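Pasted below: target_31.csv, CSV, C-alpha atoms (C1' of nucleotides).
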```
chain,number,residue,atom,x,y,z
A,559,MET,CA,51.5,15.7,20.8
A,560,GLN,CA,48.9,14.1,23.1
A,561,ASN,CA,48.0,17.6,24.2
A,562,ASP,CA,47.6,18.8,20.7
A,563,ARG,CA,45.4,15.9,19.9
A,564,SER,CA,43.3,16.5,22.9
A,565,ARG,CA,42.9,20.1,22.1
A,566,GLU,CA,42.0,19.3,18.6
A,567,SER,CA,39.4,16.7,19.8
A,568,LEU,CA,37.8,19.3,22.0
A,569,LEU,CA,37.7,22.0,19.5
A,570,PHE,CA,36.4,19.5,17.1
A,571,LEU,CA,33.3,19.0,19.1
A,572,THR,CA,32.4,22.6,20.0
A,573,ASP,CA,28.8,23.7,19.7
A,574,GLU,CA,30.0,26.1,17.0
A,575,GLN,CA,31.4,23.3,14.9
A,576,LEU,CA,28.2,21.3,15.2
A,577,ARG,CA,26.0,24.3,14.5
A,578,GLN,CA,28.0,24.9,11.3
A,579,GLY,CA,27.3,21.3,10.3
A,580,ILE,CA,23.6,21.7,11.0
A,581,GLU,CA,23.3,24.9,9.0
A,582,GLY,CA,25.6,23.4,6.3
A,583,MET,CA,23.1,20.5,5.9
A,584,PHE,CA,20.2,22.9,5.7
A,585,PHE,CA,21.6,25.2,3.1
A,586,ALA,CA,23.3,22.5,1.1
A,587,TYR,CA,20.1,20.5,0.9
A,588,ARG,CA,18.4,23.6,-0.6
A,589,GLY,CA,21.1,23.7,-3.3
A,590,PHE,CA,20.9,19.9,-3.8
A,591,THR,CA,17.2,20.1,-4.7
A,592,ALA,CA,17.1,23.4,-6.5
A,593,ASP,CA,18.0,22.3,-10.0
A,594,PRO,CA,15.8,19.3,-10.2
A,595,ASP,CA,12.9,21.3,-8.7
A,596,ARG,CA,13.1,23.8,-11.5
A,597,ILE,CA,12.8,21.0,-14.1
A,598,LEU,CA,10.0,19.3,-12.2
A,599,ASP,CA,8.1,22.6,-12.1
A,600,LYS,CA,7.9,22.7,-15.8
A,601,TYR,CA,6.2,19.3,-16.0
A,602,ASN,CA,4.1,19.9,-12.9
A,603,TYR,CA,5.7,17.2,-10.9
A,604,GLY,CA,7.2,17.5,-7.4
A,605,ARG,CA,10.1,16.0,-5.4
A,606,ALA,CA,8.1,12.9,-4.6
A,607,HIS,CA,7.9,12.1,-8.3
A,608,HIS,CA,11.6,12.7,-8.6
A,609,ARG,CA,12.4,10.3,-5.8
A,610,ALA,CA,10.2,7.6,-7.2
A,611,LEU,CA,11.8,8.0,-10.7
A,612,HIS,CA,15.3,7.9,-9.2
A,613,PHE,CA,14.8,4.7,-7.2
A,614,ILE,CA,12.8,2.9,-9.9
A,615,ASN,CA,15.7,3.7,-12.2
A,616,ARG,CA,18.1,2.6,-9.6
A,617,VAL,CA,16.3,-0.7,-8.9
A,618,PRO,CA,14.4,-1.6,-12.0
A,619,GLY,CA,11.7,-4.2,-11.4
A,620,THR,CA,11.4,-3.3,-7.7
A,621,ASN,CA,8.1,-4.1,-6.1
A,622,VAL,CA,6.0,-1.5,-4.3
A,623,ASN,CA,6.9,-2.6,-0.8
A,624,ASN,CA,10.6,-2.4,-1.4
A,625,LEU,CA,10.2,1.1,-2.9
A,626,LEU,CA,8.2,2.1,0.2
A,627,SER,CA,10.9,1.0,2.5
A,628,ILE,CA,13.5,3.0,0.6
A,629,LEU,CA,11.4,6.1,0.4
A,630,GLY,CA,10.0,5.9,3.9
A,631,VAL,CA,6.5,7.1,3.2
A,632,THR,CA,3.0,5.5,3.4
A,633,LYS,CA,1.7,3.4,0.5
A,634,GLN,CA,-1.1,5.9,0.1
A,635,SER,CA,1.3,8.7,-0.4
A,636,LEU,CA,3.5,6.7,-2.8
A,637,ASN,CA,0.4,5.4,-4.7
A,638,ARG,CA,-0.7,8.9,-5.6
A,639,VAL,CA,2.6,9.6,-7.1
A,640,LEU,CA,2.9,6.3,-8.9
A,641,ARG,CA,-0.6,6.6,-10.3
A,642,THR,CA,0.2,9.8,-12.1
A,643,LEU,CA,3.6,8.5,-13.3
A,644,ILE,CA,1.8,5.4,-14.7
A,645,GLU,CA,-1.0,7.5,-16.3
A,646,HIS,CA,1.6,9.7,-17.9
A,647,GLU,CA,3.5,6.6,-19.1
A,648,LEU,CA,6.7,7.4,-17.3
A,649,VAL,CA,6.5,4.2,-15.3
A,650,SER,CA,5.2,0.8,-16.3
A,651,LEU,CA,3.9,-2.1,-14.2
A,652,ARG,CA,4.5,-5.7,-14.6
A,653,ILE,CA,2.7,-8.2,-12.5
A,654,GLY,CA,5.1,-10.7,-10.8
A,655,THR,CA,5.4,-14.1,-12.4
A,656,LYS,CA,6.3,-15.9,-9.3
A,657,ASP,CA,4.1,-13.9,-7.0
A,658,ARG,CA,1.3,-12.4,-9.0
A,659,ARG,CA,0.3,-10.0,-6.2
A,660,GLU,CA,3.5,-8.1,-6.7
A,661,ARG,CA,3.8,-5.2,-9.1
A,662,HIS,CA,7.2,-4.7,-10.6
A,663,LEU,CA,8.1,-1.2,-11.5
A,664,TYR,CA,10.1,-0.1,-14.5
A,665,LEU,CA,10.7,3.2,-16.2
A,666,THR,CA,9.4,3.6,-19.8
A,667,GLU,CA,11.6,5.3,-22.4
A,668,SER,CA,10.1,8.7,-21.5
A,669,GLY,CA,10.5,7.9,-17.8
A,670,LYS,CA,14.2,7.2,-18.4
A,671,SER,CA,14.5,10.4,-20.4
A,672,LEU,CA,13.0,12.6,-17.6
A,673,GLU,CA,15.0,10.8,-14.9
A,674,LYS,CA,18.1,11.4,-17.0
A,675,GLN,CA,17.3,15.1,-17.2
A,676,LEU,CA,16.8,15.3,-13.5
A,677,SER,CA,19.9,13.4,-12.5
A,678,THR,CA,22.0,15.2,-15.0
A,679,ALA,CA,21.0,18.5,-13.4
A,680,GLN,CA,21.6,17.2,-9.9
A,681,SER,CA,24.8,15.5,-10.7
A,682,HIS,CA,26.2,18.6,-12.4
A,683,ARG,CA,26.1,20.5,-9.2
A,684,MET,CA,27.5,17.7,-7.2
A,685,ARG,CA,30.3,17.2,-9.7
A,686,GLU,CA,31.2,20.8,-9.4
A,687,ALA,CA,31.2,20.6,-5.6
A,688,TYR,CA,33.3,17.5,-5.7
A,689,ARG,CA,35.7,19.1,-8.1
A,690,GLN,CA,36.1,22.2,-5.9
A,691,ALA,CA,36.5,20.3,-2.7
A,692,GLY,CA,38.8,17.5,-4.1
A,693,PRO,CA,38.9,13.7,-3.6
A,694,ASP,CA,39.9,13.6,0.0
A,695,ALA,CA,37.1,16.0,1.0
A,696,VAL,CA,34.6,13.8,-1.0
A,697,ALA,CA,35.7,10.7,0.9
A,698,GLY,CA,35.1,12.5,4.2
A,699,PHE,CA,31.8,13.9,3.0
A,700,LYS,CA,30.5,10.4,2.3
A,701,GLN,CA,31.8,9.0,5.6
A,702,VAL,CA,30.0,11.7,7.6
A,703,LEU,CA,26.8,11.3,5.5
A,704,GLU,CA,26.8,7.6,6.1
A,705,ALA,CA,27.4,7.9,9.8
A,706,MET,CA,24.5,10.3,10.0
A,707,MET,CA,21.9,7.9,8.6
A,708,ASP,CA,19.6,5.8,10.7
A,709,PRO,CA,21.0,2.3,11.0
A,710,LYS,CA,18.3,0.8,8.8
A,711,LEU,CA,18.7,3.4,6.1
A,712,GLN,CA,22.4,2.8,6.3
A,713,VAL,CA,21.8,-0.8,5.3
A,714,THR,CA,19.4,0.3,2.6
A,715,TYR,CA,22.0,2.7,1.3
A,716,LYS,CA,24.7,0.0,1.2
A,717,LYS,CA,22.4,-2.5,-0.5
A,718,LEU,CA,21.8,-0.1,-3.3
A,719,ARG,CA,25.6,0.1,-3.7
A,720,VAL,CA,26.2,-3.6,-4.2
A,721,SER,CA,23.1,-4.4,-6.2
B,557,MET,CA,52.1,9.3,-11.1
B,558,GLN,CA,50.4,11.4,-13.7
B,559,ASN,CA,48.6,8.3,-14.9
B,560,ASP,CA,47.5,7.4,-11.4
B,561,ARG,CA,46.1,10.8,-10.8
B,562,SER,CA,44.3,10.8,-14.1
B,563,ARG,CA,42.8,7.4,-13.3
B,564,GLU,CA,41.8,8.7,-9.9
B,565,SER,CA,40.2,11.8,-11.4
B,566,LEU,CA,38.2,9.8,-13.8
B,567,LEU,CA,37.0,7.3,-11.3
B,568,PHE,CA,36.2,10.2,-9.0
B,569,LEU,CA,33.7,11.6,-11.4
B,570,THR,CA,31.9,8.4,-12.4
B,571,ASP,CA,28.1,8.4,-12.4
B,572,GLU,CA,28.3,5.8,-9.6
B,573,GLN,CA,30.2,8.2,-7.4
B,574,LEU,CA,27.8,11.0,-8.0
B,575,ARG,CA,24.8,8.8,-7.5
B,576,GLN,CA,26.1,7.7,-4.2
B,577,GLY,CA,26.5,11.3,-3.2
B,578,ILE,CA,22.9,12.0,-4.2
B,579,GLU,CA,21.5,9.1,-2.3
B,580,GLY,CA,23.8,9.8,0.6
B,581,MET,CA,22.3,13.3,0.8
B,582,PHE,CA,18.8,11.9,0.6
B,583,PHE,CA,19.2,9.3,3.3
B,584,ALA,CA,21.4,11.4,5.6
B,585,TYR,CA,18.9,14.3,5.5
B,586,ARG,CA,16.3,11.9,6.8
B,587,GLY,CA,18.5,11.0,9.7
B,588,PHE,CA,19.4,14.7,10.2
B,589,THR,CA,15.8,15.7,10.8
B,590,ALA,CA,14.6,12.5,12.5
B,591,ASP,CA,15.4,13.3,16.1
B,592,PRO,CA,14.1,16.9,16.2
B,593,ASP,CA,11.0,15.8,14.3
B,594,ARG,CA,10.1,13.4,17.2
B,595,ILE,CA,10.4,16.2,19.7
B,596,LEU,CA,8.5,18.6,17.6
B,597,ASP,CA,5.7,16.1,17.2
B,598,LYS,CA,5.2,16.0,21.0
B,599,TYR,CA,4.5,19.8,21.0
B,600,ASN,CA,2.6,19.8,17.7
B,601,TYR,CA,5.2,21.8,15.9
B,602,GLY,CA,6.8,21.1,12.6
B,603,ARG,CA,10.1,21.6,10.9
B,604,ALA,CA,9.2,25.1,9.9
B,605,HIS,CA,9.0,26.0,13.6
B,606,HIS,CA,12.3,24.4,14.3
B,607,ARG,CA,14.0,26.4,11.5
B,608,ALA,CA,12.6,29.7,12.8
B,609,LEU,CA,13.7,28.9,16.4
B,610,HIS,CA,17.1,27.9,15.2
B,611,PHE,CA,17.8,31.1,13.3
B,612,ILE,CA,16.2,33.4,15.8
B,613,ASN,CA,18.4,31.9,18.4
B,614,ARG,CA,21.4,32.2,16.0
B,615,VAL,CA,20.7,35.8,15.2
B,616,PRO,CA,18.9,37.3,18.1
B,617,GLY,CA,17.1,40.5,17.3
B,618,THR,CA,16.9,39.7,13.6
B,619,ASN,CA,14.1,41.4,11.7
B,620,VAL,CA,11.5,39.5,9.7
B,621,ASN,CA,13.0,40.4,6.3
B,622,ASN,CA,16.4,39.0,7.3
B,623,LEU,CA,14.9,35.9,8.6
B,624,LEU,CA,13.0,35.5,5.4
B,625,SER,CA,16.1,35.7,3.3
B,626,ILE,CA,17.8,33.0,5.4
B,627,LEU,CA,14.9,30.6,5.4
B,628,GLY,CA,14.0,31.2,1.7
B,629,VAL,CA,10.2,31.1,2.1
B,630,THR,CA,7.4,33.7,1.6
B,631,LYS,CA,6.4,36.1,4.3
B,632,GLN,CA,3.0,34.4,4.5
B,633,SER,CA,4.5,31.1,5.2
B,634,LEU,CA,6.9,32.4,7.8
B,635,ASN,CA,4.2,34.6,9.3
B,636,ARG,CA,2.0,31.6,10.0
B,637,VAL,CA,4.8,29.9,12.0
B,638,LEU,CA,5.9,33.1,13.8
B,639,ARG,CA,2.3,33.9,14.8
B,640,THR,CA,2.0,30.6,16.7
B,641,LEU,CA,5.4,30.9,18.2
B,642,ILE,CA,4.6,34.3,19.5
B,643,GLU,CA,1.1,33.2,20.8
B,644,HIS,CA,2.8,30.4,22.6
B,645,GLU,CA,5.4,32.8,24.0
B,646,LEU,CA,8.4,31.0,22.6
B,647,VAL,CA,9.3,34.1,20.6
B,648,SER,CA,9.0,37.8,21.5
B,649,LEU,CA,8.7,40.9,19.3
B,650,ARG,CA,10.4,44.2,19.9
B,651,ILE,CA,9.6,47.2,17.6
B,652,GLY,CA,12.7,48.7,16.2
B,653,THR,CA,14.0,51.9,17.9
B,654,LYS,CA,15.7,53.4,14.9
B,655,ASP,CA,13.2,52.1,12.4
B,656,ARG,CA,9.9,51.5,14.0
B,657,ARG,CA,8.6,49.5,11.0
B,658,GLU,CA,10.9,46.7,11.9
B,659,ARG,CA,10.1,43.9,14.3
B,660,HIS,CA,13.0,42.4,16.1
B,661,LEU,CA,12.7,38.8,17.1
B,662,TYR,CA,14.0,37.1,20.2
B,663,LEU,CA,13.5,33.8,21.9
B,664,THR,CA,11.9,33.9,25.3
B,665,GLU,CA,13.1,31.6,28.1
B,666,SER,CA,10.8,28.8,27.0
B,667,GLY,CA,11.8,29.4,23.4
B,668,LYS,CA,15.4,29.0,24.3
B,669,SER,CA,14.6,25.9,26.3
B,670,LEU,CA,12.8,24.3,23.3
B,671,GLU,CA,15.5,25.3,20.9
B,672,LYS,CA,18.1,23.8,23.2
B,673,GLN,CA,16.2,20.6,23.3
B,674,LEU,CA,16.0,20.4,19.6
B,675,SER,CA,19.6,21.4,18.9
B,676,THR,CA,20.8,19.0,21.5
B,677,ALA,CA,19.1,16.1,19.8
B,678,GLN,CA,20.3,17.1,16.4
B,679,SER,CA,23.8,17.8,17.6
B,680,HIS,CA,24.0,14.5,19.3
B,681,ARG,CA,23.6,12.6,16.1
B,682,MET,CA,26.0,15.0,14.3
B,683,ARG,CA,28.6,14.7,17.1
B,684,GLU,CA,28.4,10.9,16.8
B,685,ALA,CA,28.8,11.0,13.0
B,686,TYR,CA,31.7,13.4,13.4
B,687,ARG,CA,33.4,11.2,16.0
B,688,GLN,CA,33.0,8.1,13.8
B,689,ALA,CA,34.3,9.7,10.7
B,690,GLY,CA,37.1,11.7,12.3
B,691,PRO,CA,38.4,15.3,11.9
B,692,ASP,CA,39.7,15.0,8.4
B,693,ALA,CA,36.4,13.6,7.2
B,694,VAL,CA,34.5,16.4,8.9
B,695,ALA,CA,36.6,19.0,7.2
B,696,GLY,CA,35.9,17.4,3.8
B,697,PHE,CA,32.2,17.1,4.7
B,698,LYS,CA,31.9,20.9,5.3
B,699,GLN,CA,33.9,21.7,2.2
B,700,VAL,CA,31.6,19.7,-0.1
B,701,LEU,CA,28.4,21.1,1.7
B,702,GLU,CA,29.6,24.6,1.2
B,703,ALA,CA,30.4,24.0,-2.5
B,704,MET,CA,27.0,22.6,-3.0
B,705,MET,CA,25.1,25.7,-1.9
B,706,ASP,CA,23.7,28.4,-4.1
B,707,PRO,CA,26.2,31.3,-4.2
B,708,LYS,CA,23.8,33.5,-2.3
B,709,LEU,CA,23.2,31.0,0.4
B,710,GLN,CA,26.9,30.4,0.6
B,711,VAL,CA,27.2,34.1,1.5
B,712,THR,CA,24.4,33.8,4.1
B,713,TYR,CA,26.1,30.8,5.6
B,714,LYS,CA,29.4,32.5,5.9
B,715,LYS,CA,27.8,35.6,7.4
B,716,LEU,CA,26.3,33.5,10.2
B,717,ARG,CA,29.7,32.2,10.9
B,718,VAL,CA,31.4,35.6,11.5
B,719,SER,CA,28.5,37.3,13.3
C,335,DT,C1',-9.9,-23.7,2.9
C,336,DT,C1',-8.8,-20.2,5.5
C,337,DG,C1',-5.5,-16.7,7.3
C,338,DG,C1',-2.5,-13.3,6.3
C,339,DA,C1',0.3,-10.7,3.0
C,340,DA,C1',0.7,-7.5,-0.9
C,341,DT,C1',-1.6,-4.2,-3.1
C,342,DG,C1',-4.9,-0.7,-4.4
C,343,DT,C1',-8.3,2.8,-3.4
C,344,DC,C1',-11.6,5.9,-1.1
C,345,DA,C1',-12.1,9.6,2.2
C,346,DA,C1',-10.6,13.0,5.2
C,347,DC,C1',-7.2,15.8,7.1
C,348,DA,C1',-2.9,18.7,8.2
C,349,DA,C1',1.5,21.0,7.5
C,350,DG,C1',3.7,23.9,4.8
C,351,DA,C1',4.7,25.8,0.7
C,352,DC,C1',2.8,29.0,-3.0
C,353,DT,C1',0.3,33.4,-5.4
C,354,DG,C1',-2.3,37.5,-5.3
C,355,DA,C1',-4.5,41.3,-3.2
C,356,DC,C1',-5.0,44.6,0.3
C,357,DG,C1',-4.0,47.4,4.6
C,358,DT,C1',-1.2,50.1,7.7
C,359,DA,C1',2.4,52.4,9.6
C,360,DA,C1',6.6,54.6,9.1
C,361,DA,C1',10.6,56.0,6.7
C,362,DA,C1',12.7,58.1,2.7
C,363,DT,C1',12.6,61.1,-1.1
C,364,DG,C1',11.5,64.7,-4.2
D,933,DC,C1',4.8,68.7,2.7
D,934,DA,C1',3.1,65.3,-0.5
D,935,DT,C1',4.3,61.1,-2.5
D,936,DT,C1',6.5,56.8,-2.9
D,937,DT,C1',8.7,53.0,-1.0
D,938,DT,C1',9.6,49.7,2.6
D,939,DA,C1',8.4,46.5,6.4
D,940,DC,C1',5.2,43.9,8.0
D,941,DG,C1',0.7,41.7,8.6
D,942,DT,C1',-3.4,39.4,6.9
D,943,DC,C1',-7.1,37.3,4.2
D,944,DA,C1',-8.3,34.0,0.7
D,945,DG,C1',-7.4,30.2,-2.2
D,946,DT,C1',-4.5,26.5,-4.1
D,947,DC,C1',-1.0,22.7,-4.4
D,948,DT,C1',2.0,19.0,-2.9
D,949,DT,C1',3.0,15.7,0.1
D,950,DG,C1',2.6,13.7,4.0
D,951,DT,C1',-0.7,11.3,7.5
D,952,DT,C1',-4.8,7.7,9.5
D,953,DG,C1',-8.4,4.7,8.9
D,954,DA,C1',-11.4,1.7,6.5
D,955,DC,C1',-12.3,-1.6,3.1
D,956,DA,C1',-11.7,-4.7,-1.3
D,957,DT,C1',-9.1,-7.8,-4.0
D,958,DT,C1',-5.9,-11.1,-5.1
D,959,DC,C1',-3.4,-15.0,-4.0
D,960,DC,C1',0.4,-17.6,-1.5
D,961,DA,C1',1.0,-20.9,2.1
D,962,DA,C1',0.0,-23.6,6.0
```

Represent the structure contained in this file as structure tokens.
Amino acid sequence: MQNDRSRESLLFLTDEQLRQGIEGMFFAYRGFTADPDRILDKYNYGRAHHRALHFINRVPGTNVNNLLSILGVTKQSLNRVLRTLIEHELVSLRIGTKDRRERHLYLTESGKSLEKQLSTAQSHRMREAYRQAGPDAVAGFKQVLEAMMDPKLQVTYKKLRVS
Amino acid sequence: MQNDRSRESLLFLTDEQLRQGIEGMFFAYRGFTADPDRILDKYNYGRAHHRALHFINRVPGTNVNNLLSILGVTKQSLNRVLRTLIEHELVSLRIGTKDRRERHLYLTESGKSLEKQLSTAQSHRMREAYRQAGPDAVAGFKQVLEAMMDPKLQVTYKKLRVS
DNA sequence: TTGGAATGTCAACAAGACTGACGTAAAATG
DNA sequence: CATTTTACGTCAGTCTTGTTGACATTCCAA
């Protein structure tokens, strides 16, 4: 028994196993973004717009700094994306009541509609993958993903869960 | 029993579950690329160089077309990266013996050395994640990743495994 | 009232993706 | 043998998304 477990543990950590994980992440991420990308193309948006829409939907009323820390980009980079989303009336701004420096971000109706379109496409693939793999696999999938994040992002990830 | 399973199946496919998967992929991919990115920065290379090095190492002697189909980019895009890698003598070319139109790609010693550095860093994080999550979780992780790929990439992924 | 924080914005730049067009060499085909 | 197709490279131009650095505005808090 002990021997079997040791052997399993060793096997478990071979370079081949790790390489498969690395390549798995690479190929799976391509699939993960493929469907939303096709929709975004039609509207001349990119992944950056998708990410902003996703997290504004997820945390309605978030201020810019909070969004920046979730997305992990510079304010200049985010600002460019936000500007077009606001111009196109997918996102609306409300100046903070307590702290009037802060801008709180919300999706407009059309913003919600596009976000829905994108998340539906992305969820569909994930739902299928989940269904094929089964509940236990999904639990494992999430465990590994979470363990792979930077500690700070892990916290961010968990905060989104409870909010 | 039937009821429990139904309930589980329903829960299992909630929007919340799917959203967690989506955000998990997003945050985990950041962690996945963070360590190699830091190394690449030091040498003024980018992720595109890393990917080329990875797959040339994985399939030594591959021709350009095959590499293109794995990476899923245009030849112009790959060419820019390959040119610098060849100039810097991390990659070497050999003209095909059977078909002299083909260029076969290999890593030089310095190419192997950099690839090793990158994959060690990336593997280290993955190894830790695997260790934390445990063998069953890892099996599930891979199942879901594979199911999330485009069918063509799934084939590519499996081919790499057997070669 | 002044310092610092939150935010926006301008400019410049780079990586890395794309399309389109063209060239060359070599293999395959009629 | 002539023609077509394939494999690859390259030039030019564009786009998205990221970066740094500098500077302005607003406004909370000490």

Test item: chain B residues at most 12 Å from chain D, counting all atoms listed in the file, as a ChimeraX atom specification = /B:619-622,624,631-636,638-639,651-652,655-660

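Residue-level contacts from chain C to chain B at 12 Å, counting only C-alpha atoms (C1' of nucleotides), read DA348, DA349, DG350, DA351, DC352, DT353, DG354, DT358, DA359, DA360, DA361 and DA362 of chain C.
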
Mind dumping a table of every chain B residue within 6 Å of chain A, with the nearest atom pair and its distance in Å to one decimal, using only C-alpha atoms, sorted by chain and rising number, as JSON lines?
```
{"residue": "B:Gly580", "atom": "CA", "partner": "A:Leu703", "partner_atom": "CA", "distance": 5.9}
{"residue": "B:Ala584", "atom": "CA", "partner": "A:Met707", "partner_atom": "CA", "distance": 4.6}
{"residue": "B:Gly587", "atom": "CA", "partner": "A:Met707", "partner_atom": "CA", "distance": 4.7}
{"residue": "B:Ala685", "atom": "CA", "partner": "A:Ala705", "partner_atom": "CA", "distance": 4.7}
{"residue": "B:Ala689", "atom": "CA", "partner": "A:Val702", "partner_atom": "CA", "distance": 5.7}
{"residue": "B:Ala693", "atom": "CA", "partner": "A:Gly698", "partner_atom": "CA", "distance": 3.4}
{"residue": "B:Gly696", "atom": "CA", "partner": "A:Ala695", "partner_atom": "CA", "distance": 3.4}
{"residue": "B:Phe697", "atom": "CA", "partner": "A:Phe699", "partner_atom": "CA", "distance": 3.6}
{"residue": "B:Gln699", "atom": "CA", "partner": "A:Ala691", "partner_atom": "CA", "distance": 5.7}
{"residue": "B:Val700", "atom": "CA", "partner": "A:Ala691", "partner_atom": "CA", "distance": 5.6}
{"residue": "B:Leu701", "atom": "CA", "partner": "A:Ala586", "partner_atom": "CA", "distance": 5.3}
{"residue": "B:Ala703", "atom": "CA", "partner": "A:Ala687", "partner_atom": "CA", "distance": 4.7}
{"residue": "B:Met704", "atom": "CA", "partner": "A:Ala687", "partner_atom": "CA", "distance": 5.3}
{"residue": "B:Met705", "atom": "CA", "partner": "A:Gly589", "partner_atom": "CA", "distance": 4.7}
{"residue": "B:Asp706", "atom": "CA", "partner": "A:Gly589", "partner_atom": "CA", "distance": 5.4}
```

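Comparing B:Asp593, B:Leu623, B:His605, B:Val711 by their smallest distance to B:Leu661, the closest is B:Leu623 (using all atoms listed in the file).
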
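Picture a line from atom CA of A:Leu676 to atom CA of A:Gly619; it runs 20.3 Å.
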